[in-house]
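*Asks:* Got a structure for you, questions after.
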There are 2 protein chains.
Amino acid sequence: MTVDLTDVRNARAYLMRVVEPPAPALAALVDKLGPVEAADRVRSGHVPDCVDAETSARREQDLVANDFALAEGVGARLVIPEDPEWPAWPLLPLAQATLERHRCGLPLGLWARGPVPLNEALDRAVSVVGARAATGYGAEIAAEFGHGLANAGMTVVSGAANGIDGAAHRGALAARGPTVAVLACGVTINYPASNSSLIDAIAERGLVLSEYAPGVPPGRHRFLVRNRLIACLGAGTVVVEANLRSGARNTAATAAALGRVVLAVPGPITSAMSAGCHELLRTGQAVAVTSVKEIVDSCGPLDASPDDRDRGEARVTDALAPEALRAFEALSIRTGRSPEHVALASGIPLPRIRSLLPELELTGFAARVESGWVRAVPAG
Amino acid sequence: MTVDLTDVRNARAYLMRVVEPPAPALAALVDKLGPVEAADRVRSGHVPDCVDAETSARREQDLVANDFALAEGVGARLVIPEDPEWPAWPLLPLAQATLERHRCGLPLGLWARGPVPLNEALDRAVSVVGARAATGYGAEIAAEFGHGLANAGMTVVSGAANGIDGAAHRGALAARGPTVAVLACGVTINYPASNSSLIDAIAERGLVLSEYAPGVPPGRHRFLVRNRLIACLGAGTVVVEANLRSGARNTAATAAALGRVVLAVPGPITSAMSAGCHELLRTGQAVAVTSVKEIVDSCGPLDASPDDRDRGEARVTDALAPEALRAFEALSIRTGRSPEHVALASGIPLPRIRSLLPELELTGFAARVESGWVRAVPAG
């Protein structure tokens, strides 16, 4: 069953152009009325004062057609929560976290440039962040981690900035892995210009994302708001290098507030670019990390570590019959999958899958979500 | 009142030559009977089986006169628990810790070469340890820490080995501070030979210590036993560099078991010589440390940090009248001081000190120990 989402998409595109995110009052209105009705109210100015404060300045701008045309020019699409590829699970903490301190709140949509479905790209993701003025040491580590994480099947999320960000993206691309860049400007702008060809390369294999409308220029506050998305989209955030006033420390604090793992790379104590990492370690805000394996152990999905499989210890899945185990292993922890998908992935006939999935649900190994079936772990 | 301790000193010197430390059964016998009686029993072989196992091999060796002659040749003395300069407080955890796992147990005495009283040298001490095969980075940090700690009035304790140990001692000497080297051989042997002139320099300004009799050569097991003293004598142990199999990690584990602060210096994750430090950090066995100030904050006495004094916050000592505060400040946390000493240090007449000290005891600010009065901190 395919639903025509044109009106919904247009309404969200309009609202994304009107507000400066995050806009918690508008988000609440959209939750209550739906995006189409909320957009109509905003357009006509019939909204509560708190929403009016967020929307009145730009509500008469209707640039939706123009935005879609600009996006099309760079091969970008607008992904909205109503789409199957919306990364609902990875973004979940943003809906729950305190708004004020960490500029949280869900995006109304995400402009996306690149061939990979958003939910797939973010199913196993790690954020790698750090100083723009990285040292040779930091850039080398970031590239090595990016490369190793891609080889381990993890998506590297970062901000496409100079220094650590760029090195991490490049490392992932060198391993031919998808990587995700979240921008603080519209996806039509390759910022910083020095990373323009890098951003194009990311858009070819992975995804370039932004909650800002096409053409919106980068702004200082937008970097801070953007950072919350980077902090949220990875199961963990690795700070490779940061000086004591680095924005990467802000990203780390947000990641921690969102319940994400925070890791910091030690470096020479004589290096100012490692001082922020050491401060995170000293204060217990981050765990020291020295290898890709340690990152995967901390941030990877339960089934990602080959070590665990080889230990021969008792596992909860030992209780599953072989066929049920195959179906279980074809499920993702985060992304809902259709019975058809599970049948294909497991090689078990679809009718059998249709009976296996409810059985797995009964024993606690699977759960039904809006977008399909996800893997669960039985209590105890 | 001076007691003639010649018999006691001779008895302990004899027992130290007989046993290979640590010797818990003999220690218990000495506790019970006193060193003179215990030595007589060991000499005649009239001891329980457990003590016999520790003492029978060498009980017929009586090299006491020779040991004192050898010691005198290098200007060394035997310090025993009955002496006022015995560092009872710094060694306290060794009397309490589990013997088996960390080769603990109190030394029967300490041969000491150098001009500084043991208890004074160890009143504010930090142990600095690390790999023999230190990198340039590690050696530089160790020297800088040694220098900075000496300038902050702290005594650097280490093992006089090549690499980190030597660099830390040298840094402390460069700041003209006392530093303490604990050897795994007799104090008459400058081991390693490459550090011979360093060990002589330490003996000139600080102390070279050993629980092994003069002339006893270094041995592999003796390094491990010696390490417990290094771990105990500092209020904290700083691991500057260590590979994954370094003895410094063993010292760190012992320090933790003895209730001492354990600090580790981060370094490049590409350096094998920092891998042991990073493992200590990752597993939460150590806190990251990047500066002398951080070490002093973690390991220094309560009154060592000028920051605390300047903060203007309420302090427990605000409750003390000016005269009582002066007496309190003339006390040491660790070393027992006589009323005469406190009178001199505070400039308050002795009769008044004699009444102030019991008053401070009543309010919890002072305590009586065998060697005099020590500073205490009131509960709550």
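By convention in this document, the chains of the structure tokens carry letters A, B, ... by their order, each chain's residues are numbered from 1, and ligands are numbered from 1 in the order they are shown.
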I need the chain A residues near chain B as a list in words; criterion: at most 6 Å, counting only C-alpha atoms.
*Replies:*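 Matching residues, ligands excluded from the count: Pro266, Gly267, Pro268, Ile269, Arg282, Ala288 and Thr290 of chain A.
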*Asks:* Run DSSP on the backbone and grab whatever in stretch 208-249 of chain B lands in alpha helix (DSSP H); send it over as number ranges by chain.
*Replies:* B: 220-233, 247-249
*Asks:* Save the residues we just selected, all heavy atoms, as a short mmCIF file (atom, residue, chain, number, x, y, z; two decimals), in the first residue's frame?
*Replies:*
```
data_model
loop_
_atom_site.label_atom_id
_atom_site.label_comp_id
_atom_site.auth_asym_id
_atom_site.auth_seq_id
_atom_site.Cartn_x
_atom_site.Cartn_y
_atom_site.Cartn_z
N ARG B 220 64.95 -11.18 39.92
CA ARG B 220 63.68 -10.91 39.26
C ARG B 220 62.52 -10.78 40.26
O ARG B 220 61.74 -9.84 40.19
CB ARG B 220 63.39 -12.03 38.26
CG ARG B 220 62.35 -11.66 37.26
CD ARG B 220 62.17 -12.73 36.19
NE ARG B 220 61.00 -12.41 35.40
CZ ARG B 220 60.93 -11.40 34.53
NH1 ARG B 220 61.98 -10.62 34.34
NH2 ARG B 220 59.82 -11.17 33.85
N HIS B 221 62.45 -11.75 41.20
CA HIS B 221 61.34 -11.70 42.16
C HIS B 221 61.50 -10.49 43.09
O HIS B 221 60.52 -9.98 43.62
CB HIS B 221 61.29 -12.99 42.97
CG HIS B 221 62.51 -13.23 43.79
ND1 HIS B 221 63.71 -13.61 43.22
CD2 HIS B 221 62.75 -13.11 45.12
CE1 HIS B 221 64.63 -13.73 44.17
NE2 HIS B 221 64.08 -13.43 45.33
N ARG B 222 62.75 -10.07 43.29
CA ARG B 222 62.96 -8.92 44.18
C ARG B 222 62.39 -7.64 43.59
O ARG B 222 61.96 -6.75 44.34
CB ARG B 222 64.45 -8.76 44.49
CG ARG B 222 64.94 -9.91 45.36
CD ARG B 222 66.36 -9.78 45.84
NE ARG B 222 66.64 -10.97 46.64
CZ ARG B 222 67.74 -11.74 46.53
NH1 ARG B 222 68.69 -11.43 45.67
NH2 ARG B 222 67.87 -12.81 47.28
N PHE B 223 62.36 -7.53 42.27
CA PHE B 223 61.76 -6.33 41.66
C PHE B 223 60.27 -6.28 41.97
O PHE B 223 59.73 -5.22 42.31
CB PHE B 223 61.99 -6.32 40.15
CG PHE B 223 63.41 -5.97 39.80
CD1 PHE B 223 64.32 -6.96 39.48
CD2 PHE B 223 63.85 -4.66 39.85
CE1 PHE B 223 65.64 -6.64 39.19
CE2 PHE B 223 65.16 -4.33 39.57
CZ PHE B 223 66.06 -5.33 39.24
N LEU B 224 59.61 -7.43 41.90
CA LEU B 224 58.17 -7.45 42.19
C LEU B 224 57.90 -7.12 43.64
O LEU B 224 56.96 -6.39 43.97
CB LEU B 224 57.60 -8.84 41.84
CG LEU B 224 57.67 -9.19 40.35
CD1 LEU B 224 57.26 -10.63 40.10
CD2 LEU B 224 56.77 -8.24 39.54
N VAL B 225 58.73 -7.66 44.54
CA VAL B 225 58.56 -7.40 45.97
C VAL B 225 58.87 -5.93 46.28
O VAL B 225 58.15 -5.27 47.03
CB VAL B 225 59.47 -8.35 46.78
CG1 VAL B 225 59.45 -7.96 48.26
CG2 VAL B 225 59.02 -9.79 46.60
N ARG B 226 59.91 -5.43 45.64
CA ARG B 226 60.29 -4.03 45.80
C ARG B 226 59.16 -3.10 45.33
O ARG B 226 58.87 -2.07 45.95
CB ARG B 226 61.57 -3.76 44.99
CG ARG B 226 62.13 -2.34 45.03
CD ARG B 226 61.53 -1.38 44.03
NE ARG B 226 61.46 -1.82 42.66
CZ ARG B 226 62.32 -1.51 41.71
NH1 ARG B 226 63.36 -0.78 42.01
NH2 ARG B 226 62.14 -1.91 40.46
N ASN B 227 58.50 -3.51 44.23
CA ASN B 227 57.44 -2.65 43.67
C ASN B 227 56.33 -2.34 44.67
O ASN B 227 55.71 -1.29 44.61
CB ASN B 227 56.83 -3.30 42.42
CG ASN B 227 57.78 -3.21 41.23
OD1 ASN B 227 58.81 -2.54 41.29
ND2 ASN B 227 57.43 -3.90 40.15
N ARG B 228 56.08 -3.27 45.61
CA ARG B 228 55.01 -3.00 46.59
C ARG B 228 55.39 -1.80 47.46
O ARG B 228 54.53 -1.05 47.90
CB ARG B 228 54.72 -4.23 47.44
CG ARG B 228 55.60 -4.36 48.69
CD ARG B 228 55.39 -5.65 49.41
NE ARG B 228 56.03 -5.70 50.73
CZ ARG B 228 57.34 -5.71 50.96
NH1 ARG B 228 58.21 -5.65 49.96
NH2 ARG B 228 57.80 -5.78 52.19
N LEU B 229 56.69 -1.64 47.73
CA LEU B 229 57.13 -0.50 48.54
C LEU B 229 56.94 0.80 47.76
O LEU B 229 56.45 1.80 48.30
CB LEU B 229 58.60 -0.66 48.95
CG LEU B 229 58.89 -1.76 49.98
CD1 LEU B 229 60.39 -1.87 50.22
CD2 LEU B 229 58.15 -1.47 51.29
N ILE B 230 57.31 0.79 46.49
CA ILE B 230 57.10 1.98 45.66
C ILE B 230 55.61 2.33 45.61
O ILE B 230 55.22 3.48 45.76
CB ILE B 230 57.68 1.77 44.25
CG1 ILE B 230 59.21 1.61 44.34
CG2 ILE B 230 57.31 2.92 43.32
CD1 ILE B 230 59.89 1.33 43.01
N ALA B 231 54.77 1.30 45.42
CA ALA B 231 53.32 1.52 45.33
C ALA B 231 52.78 2.09 46.62
O ALA B 231 51.82 2.86 46.62
CB ALA B 231 52.62 0.21 44.99
N CYS B 232 53.40 1.71 47.73
CA CYS B 232 52.86 2.13 49.03
C CYS B 232 53.38 3.49 49.48
O CYS B 232 52.65 4.26 50.10
CB CYS B 232 53.21 1.08 50.08
SG CYS B 232 52.30 1.30 51.61
N LEU B 233 54.62 3.79 49.15
CA LEU B 233 55.25 4.98 49.75
C LEU B 233 54.74 6.30 49.18
O LEU B 233 54.82 7.33 49.84
CB LEU B 233 56.78 4.89 49.62
CG LEU B 233 57.42 3.79 50.50
CD1 LEU B 233 58.92 3.71 50.27
CD2 LEU B 233 57.12 4.04 51.98
N GLY B 247 56.04 -4.08 34.12
CA GLY B 247 55.99 -4.19 35.57
C GLY B 247 55.30 -3.00 36.21
O GLY B 247 54.78 -3.10 37.32
N ALA B 248 55.26 -1.88 35.49
CA ALA B 248 54.61 -0.69 36.04
C ALA B 248 53.11 -0.93 36.23
O ALA B 248 52.50 -0.37 37.15
CB ALA B 248 54.83 0.51 35.11
N ARG B 249 52.54 -1.80 35.40
CA ARG B 249 51.11 -2.10 35.57
C ARG B 249 50.90 -2.91 36.85
O ARG B 249 49.89 -2.76 37.53
CB ARG B 249 50.56 -2.87 34.37
CG ARG B 249 50.45 -1.97 33.14
CD ARG B 249 49.83 -2.71 31.99
NE ARG B 249 48.45 -3.06 32.26
CZ ARG B 249 47.79 -4.01 31.60
NH1 ARG B 249 48.39 -4.68 30.65
NH2 ARG B 249 46.54 -4.27 31.89
#
```
*Asks:* For the structure I just gave you, how does DSSP split stretch 161-377 of chain B - specifically, which residues are strand (DSSP E or B)? Reply as a PyMOL selection string.
*Replies:* chain B and resi 179-182+207-210+236-239+261-264+287-288+337+366-369+372-375
*Asks:* Name all residues at most 12 Å from stretch 172-177 of chain B (count only C-alpha atoms; drop same-chain ones fewer than 6 positions away) and give them as a PDB file with N, CA, C and O atoms, in the first residue's frame.
*Replies:*
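Saved as selection.pdb:
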```
ATOM      1  N   VAL B 116      68.342  12.543  54.476  1.00  0.00           N
ATOM      2  CA  VAL B 116      67.003  12.986  54.886  1.00  0.00           C
ATOM      3  C   VAL B 116      66.358  11.945  55.800  1.00  0.00           C
ATOM      4  O   VAL B 116      66.439  10.750  55.523  1.00  0.00           O
ATOM      5  N   ALA B 121      60.991  12.628  54.392  1.00  0.00           N
ATOM      6  CA  ALA B 121      61.047  12.463  52.940  1.00  0.00           C
ATOM      7  C   ALA B 121      59.714  11.967  52.389  1.00  0.00           C
ATOM      8  O   ALA B 121      59.317  12.306  51.281  1.00  0.00           O
ATOM      9  N   ARG B 124      55.176  13.871  52.050  1.00  0.00           N
ATOM     10  CA  ARG B 124      54.402  14.284  50.862  1.00  0.00           C
ATOM     11  C   ARG B 124      55.068  13.657  49.660  1.00  0.00           C
ATOM     12  O   ARG B 124      55.920  14.281  49.018  1.00  0.00           O
ATOM     13  N   ALA B 125      54.702  12.444  49.359  1.00  0.00           N
ATOM     14  CA  ALA B 125      55.417  11.713  48.314  1.00  0.00           C
ATOM     15  C   ALA B 125      54.471  11.220  47.221  1.00  0.00           C
ATOM     16  O   ALA B 125      53.311  10.926  47.471  1.00  0.00           O
ATOM     17  N   VAL B 126      54.999  11.178  46.009  1.00  0.00           N
ATOM     18  CA  VAL B 126      54.280  10.621  44.869  1.00  0.00           C
ATOM     19  C   VAL B 126      55.217   9.642  44.173  1.00  0.00           C
ATOM     20  O   VAL B 126      56.393   9.949  43.983  1.00  0.00           O
ATOM     21  N   SER B 127      54.717   8.476  43.824  1.00  0.00           N
ATOM     22  CA  SER B 127      55.530   7.508  43.096  1.00  0.00           C
ATOM     23  C   SER B 127      55.337   7.715  41.599  1.00  0.00           C
ATOM     24  O   SER B 127      54.211   7.882  41.129  1.00  0.00           O
ATOM     25  N   VAL B 128      56.443   7.730  40.882  1.00  0.00           N
ATOM     26  CA  VAL B 128      56.394   7.894  39.425  1.00  0.00           C
ATOM     27  C   VAL B 128      57.078   6.677  38.822  1.00  0.00           C
ATOM     28  O   VAL B 128      58.246   6.414  39.101  1.00  0.00           O
ATOM     29  N   ALA B 142      58.270  12.335  32.206  1.00  0.00           N
ATOM     30  CA  ALA B 142      58.711  11.891  33.538  1.00  0.00           C
ATOM     31  C   ALA B 142      59.626  12.934  34.160  1.00  0.00           C
ATOM     32  O   ALA B 142      59.504  13.258  35.350  1.00  0.00           O
ATOM     33  N   ALA B 143      60.540  13.475  33.349  1.00  0.00           N
ATOM     34  CA  ALA B 143      61.468  14.482  33.867  1.00  0.00           C
ATOM     35  C   ALA B 143      60.708  15.745  34.262  1.00  0.00           C
ATOM     36  O   ALA B 143      60.956  16.345  35.319  1.00  0.00           O
ATOM     37  N   GLU B 144      59.754  16.126  33.426  1.00  0.00           N
ATOM     38  CA  GLU B 144      58.975  17.337  33.704  1.00  0.00           C
ATOM     39  C   GLU B 144      58.130  17.163  34.971  1.00  0.00           C
ATOM     40  O   GLU B 144      58.059  18.059  35.809  1.00  0.00           O
ATOM     41  N   PHE B 145      57.508  16.017  35.112  1.00  0.00           N
ATOM     42  CA  PHE B 145      56.718  15.737  36.318  1.00  0.00           C
ATOM     43  C   PHE B 145      57.622  15.712  37.550  1.00  0.00           C
ATOM     44  O   PHE B 145      57.275  16.253  38.602  1.00  0.00           O
ATOM     45  N   GLY B 146      58.789  15.046  37.423  1.00  0.00           N
ATOM     46  CA  GLY B 146      59.711  14.983  38.559  1.00  0.00           C
ATOM     47  C   GLY B 146      60.104  16.382  39.010  1.00  0.00           C
ATOM     48  O   GLY B 146      60.083  16.706  40.209  1.00  0.00           O
ATOM     49  N   HIS B 147      60.418  17.220  38.042  1.00  0.00           N
ATOM     50  CA  HIS B 147      60.820  18.597  38.308  1.00  0.00           C
ATOM     51  C   HIS B 147      59.674  19.380  38.955  1.00  0.00           C
ATOM     52  O   HIS B 147      59.839  20.023  39.996  1.00  0.00           O
ATOM     53  N   GLY B 148      58.509  19.274  38.354  1.00  0.00           N
ATOM     54  CA  GLY B 148      57.352  20.024  38.845  1.00  0.00           C
ATOM     55  C   GLY B 148      56.903  19.568  40.226  1.00  0.00           C
ATOM     56  O   GLY B 148      56.524  20.386  41.075  1.00  0.00           O
ATOM     57  N   LEU B 149      56.958  18.269  40.472  1.00  0.00           N
ATOM     58  CA  LEU B 149      56.552  17.759  41.783  1.00  0.00           C
ATOM     59  C   LEU B 149      57.521  18.229  42.859  1.00  0.00           C
ATOM     60  O   LEU B 149      57.111  18.615  43.958  1.00  0.00           O
ATOM     61  N   ALA B 150      58.819  18.201  42.539  1.00  0.00           N
ATOM     62  CA  ALA B 150      59.806  18.686  43.506  1.00  0.00           C
ATOM     63  C   ALA B 150      59.560  20.160  43.806  1.00  0.00           C
ATOM     64  O   ALA B 150      59.580  20.581  44.966  1.00  0.00           O
ATOM     65  N   ASN B 151      59.273  20.930  42.765  1.00  0.00           N
ATOM     66  CA  ASN B 151      58.984  22.352  42.980  1.00  0.00           C
ATOM     67  C   ASN B 151      57.727  22.558  43.811  1.00  0.00           C
ATOM     68  O   ASN B 151      57.584  23.551  44.510  1.00  0.00           O
ATOM     69  N   ALA B 152      56.805  21.613  43.720  1.00  0.00           N
ATOM     70  CA  ALA B 152      55.568  21.711  44.505  1.00  0.00           C
ATOM     71  C   ALA B 152      55.760  21.145  45.914  1.00  0.00           C
ATOM     72  O   ALA B 152      54.792  21.023  46.665  1.00  0.00           O
ATOM     73  N   GLY B 153      56.987  20.797  46.248  1.00  0.00           N
ATOM     74  CA  GLY B 153      57.254  20.309  47.600  1.00  0.00           C
ATOM     75  C   GLY B 153      56.959  18.834  47.807  1.00  0.00           C
ATOM     76  O   GLY B 153      56.868  18.368  48.943  1.00  0.00           O
ATOM     77  N   MET B 154      56.791  18.097  46.710  1.00  0.00           N
ATOM     78  CA  MET B 154      56.513  16.663  46.829  1.00  0.00           C
ATOM     79  C   MET B 154      57.805  15.873  46.595  1.00  0.00           C
ATOM     80  O   MET B 154      58.650  16.263  45.798  1.00  0.00           O
ATOM     81  N   THR B 155      57.930  14.750  47.277  1.00  0.00           N
ATOM     82  CA  THR B 155      59.062  13.852  47.066  1.00  0.00           C
ATOM     83  C   THR B 155      58.701  12.831  45.986  1.00  0.00           C
ATOM     84  O   THR B 155      57.636  12.216  46.047  1.00  0.00           O
ATOM     85  N   VAL B 156      59.584  12.684  44.996  1.00  0.00           N
ATOM     86  CA  VAL B 156      59.354  11.706  43.938  1.00  0.00           C
ATOM     87  C   VAL B 156      59.964  10.372  44.356  1.00  0.00           C
ATOM     88  O   VAL B 156      61.165  10.281  44.620  1.00  0.00           O
ATOM     89  N   VAL B 157      59.137   9.330  44.425  1.00  0.00           N
ATOM     90  CA  VAL B 157      59.590   7.977  44.752  1.00  0.00           C
ATOM     91  C   VAL B 157      59.621   7.169  43.468  1.00  0.00           C
ATOM     92  O   VAL B 157      58.665   7.207  42.687  1.00  0.00           O
ATOM     93  N   SER B 158      60.726   6.466  43.218  1.00  0.00           N
ATOM     94  CA  SER B 158      60.767   5.589  42.055  1.00  0.00           C
ATOM     95  C   SER B 158      61.813   4.500  42.279  1.00  0.00           C
ATOM     96  O   SER B 158      62.286   4.327  43.411  1.00  0.00           O
ATOM     97  N   ASP B 165      61.851   5.750  35.369  1.00  0.00           N
ATOM     98  CA  ASP B 165      62.341   5.925  36.743  1.00  0.00           C
ATOM     99  C   ASP B 165      63.466   6.962  36.792  1.00  0.00           C
ATOM    100  O   ASP B 165      63.416   7.937  37.548  1.00  0.00           O
ATOM    101  N   GLY B 166      64.481   6.700  35.984  1.00  0.00           N
ATOM    102  CA  GLY B 166      65.659   7.571  35.996  1.00  0.00           C
ATOM    103  C   GLY B 166      65.300   8.999  35.627  1.00  0.00           C
ATOM    104  O   GLY B 166      65.772   9.956  36.261  1.00  0.00           O
ATOM    105  N   LEU B 198      73.646   8.466  38.998  1.00  0.00           N
ATOM    106  CA  LEU B 198      72.335   8.972  39.412  1.00  0.00           C
ATOM    107  C   LEU B 198      72.022   8.510  40.834  1.00  0.00           C
ATOM    108  O   LEU B 198      71.571   9.298  41.675  1.00  0.00           O
ATOM    109  N   ILE B 199      72.277   7.221  41.111  1.00  0.00           N
ATOM    110  CA  ILE B 199      71.960   6.677  42.441  1.00  0.00           C
ATOM    111  C   ILE B 199      72.816   7.377  43.507  1.00  0.00           C
ATOM    112  O   ILE B 199      72.323   7.717  44.592  1.00  0.00           O
ATOM    113  N   ASP B 200      74.075   7.637  43.172  1.00  0.00           N
ATOM    114  CA  ASP B 200      74.920   8.398  44.108  1.00  0.00           C
ATOM    115  C   ASP B 200      74.347   9.794  44.350  1.00  0.00           C
ATOM    116  O   ASP B 200      74.330  10.281  45.490  1.00  0.00           O
ATOM    117  N   ALA B 201      73.865  10.426  43.292  1.00  0.00           N
ATOM    118  CA  ALA B 201      73.308  11.777  43.436  1.00  0.00           C
ATOM    119  C   ALA B 201      72.044  11.753  44.291  1.00  0.00           C
ATOM    120  O   ALA B 201      71.798  12.660  45.096  1.00  0.00           O
ATOM    121  N   ILE B 202      71.231  10.706  44.115  1.00  0.00           N
ATOM    122  CA  ILE B 202      70.013  10.582  44.940  1.00  0.00           C
ATOM    123  C   ILE B 202      70.401  10.433  46.406  1.00  0.00           C
ATOM    124  O   ILE B 202      69.803  11.051  47.292  1.00  0.00           O
ATOM    125  N   ALA B 203      71.447   9.632  46.668  1.00  0.00           N
ATOM    126  CA  ALA B 203      71.888   9.408  48.051  1.00  0.00           C
ATOM    127  C   ALA B 203      72.460  10.681  48.664  1.00  0.00           C
ATOM    128  O   ALA B 203      72.519  10.811  49.891  1.00  0.00           O
ATOM    129  N   GLU B 204      72.879  11.612  47.827  1.00  0.00           N
ATOM    130  CA  GLU B 204      73.420  12.864  48.363  1.00  0.00           C
ATOM    131  C   GLU B 204      72.324  13.823  48.817  1.00  0.00           C
ATOM    132  O   GLU B 204      72.470  14.535  49.794  1.00  0.00           O
ATOM    133  N   ARG B 205      71.212  13.874  48.071  1.00  0.00           N
ATOM    134  CA  ARG B 205      70.151  14.837  48.380  1.00  0.00           C
ATOM    135  C   ARG B 205      68.917  14.194  48.982  1.00  0.00           C
ATOM    136  O   ARG B 205      68.117  14.867  49.616  1.00  0.00           O
ATOM    137  N   GLY B 206      68.710  12.913  48.683  1.00  0.00           N
ATOM    138  CA  GLY B 206      67.475  12.272  49.117  1.00  0.00           C
ATOM    139  C   GLY B 206      67.767  10.974  49.839  1.00  0.00           C
ATOM    140  O   GLY B 206      68.521  10.977  50.812  1.00  0.00           O
ATOM    141  N   LEU B 207      67.190   9.895  49.361  1.00  0.00           N
ATOM    142  CA  LEU B 207      67.373   8.606  50.019  1.00  0.00           C
ATOM    143  C   LEU B 207      67.385   7.476  49.005  1.00  0.00           C
ATOM    144  O   LEU B 207      66.555   7.448  48.085  1.00  0.00           O
TER     145      LEU B 207
END
```
*Asks:* Fewer than 2 positions away in the same chain doesn't count, so skip those; otherwise give me all residues within 7 Å of stretch 130-134 of chain B, counting only C-alpha atoms, as a ChimeraX atom specification.
*Replies:* /B:136,138-139,161-165,239-242,246,248,273
*Asks:* Can you write out the residues you just picked, keeping all heavy atoms, as a short mmCIF file (atom, residue, chain, number, x, y, z; two decimals), in the first residue's frame?
*Replies:*
```
data_model
loop_
_atom_site.label_atom_id
_atom_site.label_comp_id
_atom_site.auth_asym_id
_atom_site.auth_seq_id
_atom_site.Cartn_x
_atom_site.Cartn_y
_atom_site.Cartn_z
N GLY B 136 61.12 8.90 23.90
CA GLY B 136 61.52 10.28 24.18
C GLY B 136 60.37 11.04 24.83
O GLY B 136 60.57 11.81 25.77
N GLY B 138 57.90 9.81 26.72
CA GLY B 138 57.73 9.39 28.11
C GLY B 138 58.82 9.94 29.01
O GLY B 138 58.54 10.42 30.12
N ALA B 139 60.05 9.89 28.53
CA ALA B 139 61.17 10.38 29.35
C ALA B 139 61.02 11.87 29.62
O ALA B 139 61.29 12.34 30.74
CB ALA B 139 62.49 10.07 28.65
N ALA B 161 65.46 2.72 37.95
CA ALA B 161 65.71 1.94 36.74
C ALA B 161 65.97 2.88 35.57
O ALA B 161 65.79 4.10 35.66
CB ALA B 161 64.49 1.05 36.44
N ASN B 162 66.38 2.30 34.45
CA ASN B 162 66.51 3.08 33.22
C ASN B 162 65.11 3.55 32.78
O ASN B 162 64.10 3.03 33.23
CB ASN B 162 67.13 2.22 32.12
CG ASN B 162 68.61 1.98 32.39
OD1 ASN B 162 69.33 2.91 32.74
ND2 ASN B 162 69.06 0.75 32.21
N GLY B 163 65.08 4.48 31.87
CA GLY B 163 63.80 4.92 31.31
C GLY B 163 63.08 5.88 32.24
O GLY B 163 63.66 6.84 32.74
N ILE B 164 61.78 5.61 32.48
CA ILE B 164 60.92 6.52 33.23
C ILE B 164 61.47 6.80 34.63
O ILE B 164 61.54 7.96 35.06
CB ILE B 164 59.48 5.95 33.32
CG1 ILE B 164 58.88 5.78 31.93
CG2 ILE B 164 58.61 6.83 34.20
CD1 ILE B 164 58.76 7.06 31.12
N ASP B 165 61.85 5.75 35.37
CA ASP B 165 62.34 5.92 36.74
C ASP B 165 63.47 6.96 36.79
O ASP B 165 63.42 7.94 37.55
CB ASP B 165 62.90 4.61 37.30
CG ASP B 165 61.83 3.59 37.66
OD1 ASP B 165 60.69 3.74 37.19
OD2 ASP B 165 62.15 2.64 38.40
N VAL B 239 51.70 6.35 36.47
CA VAL B 239 52.30 5.51 35.43
C VAL B 239 52.49 6.38 34.19
O VAL B 239 51.51 6.82 33.59
CB VAL B 239 51.42 4.29 35.10
CG1 VAL B 239 52.12 3.38 34.10
CG2 VAL B 239 51.06 3.52 36.36
N VAL B 240 53.73 6.65 33.84
CA VAL B 240 53.99 7.58 32.74
C VAL B 240 53.94 6.86 31.39
O VAL B 240 53.30 7.34 30.45
CB VAL B 240 55.35 8.28 32.92
CG1 VAL B 240 55.65 9.20 31.74
CG2 VAL B 240 55.36 9.08 34.22
N GLU B 241 54.62 5.74 31.30
CA GLU B 241 54.55 4.91 30.09
C GLU B 241 54.64 3.46 30.52
O GLU B 241 55.40 3.13 31.43
CB GLU B 241 55.71 5.22 29.12
CG GLU B 241 55.47 6.34 28.16
CD GLU B 241 56.50 6.39 27.04
OE1 GLU B 241 57.66 6.01 27.26
OE2 GLU B 241 56.14 6.82 25.93
N ALA B 242 53.90 2.60 29.84
CA ALA B 242 53.96 1.17 30.15
C ALA B 242 53.44 0.42 28.94
O ALA B 242 52.41 0.81 28.37
CB ALA B 242 53.11 0.85 31.38
N SER B 246 54.15 -4.46 31.05
CA SER B 246 55.12 -3.76 31.89
C SER B 246 54.93 -4.04 33.38
O SER B 246 53.81 -4.21 33.86
CB SER B 246 54.98 -2.26 31.65
OG SER B 246 55.74 -1.55 32.59
N ALA B 248 55.26 -1.88 35.49
CA ALA B 248 54.61 -0.69 36.04
C ALA B 248 53.11 -0.93 36.23
O ALA B 248 52.50 -0.37 37.15
CB ALA B 248 54.83 0.51 35.11
N MET B 273 54.28 1.91 23.97
CA MET B 273 54.70 2.27 25.32
C MET B 273 53.62 3.03 26.07
O MET B 273 53.75 3.30 27.27
CB MET B 273 55.99 3.10 25.27
CG MET B 273 57.22 2.26 25.07
SD MET B 273 57.39 1.06 26.43
CE MET B 273 58.24 -0.26 25.58
#
```
*Asks:* Can you tell me, as a list in words, what residues are no more than 6 Å from stretch 34-44 of chain A when counting only C-alpha atoms, ignoring any on the same chain fewer than 5 positions away?
*Replies:*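 Contacts, in chain order: Val8, Ala11 and Arg59 of chain A.
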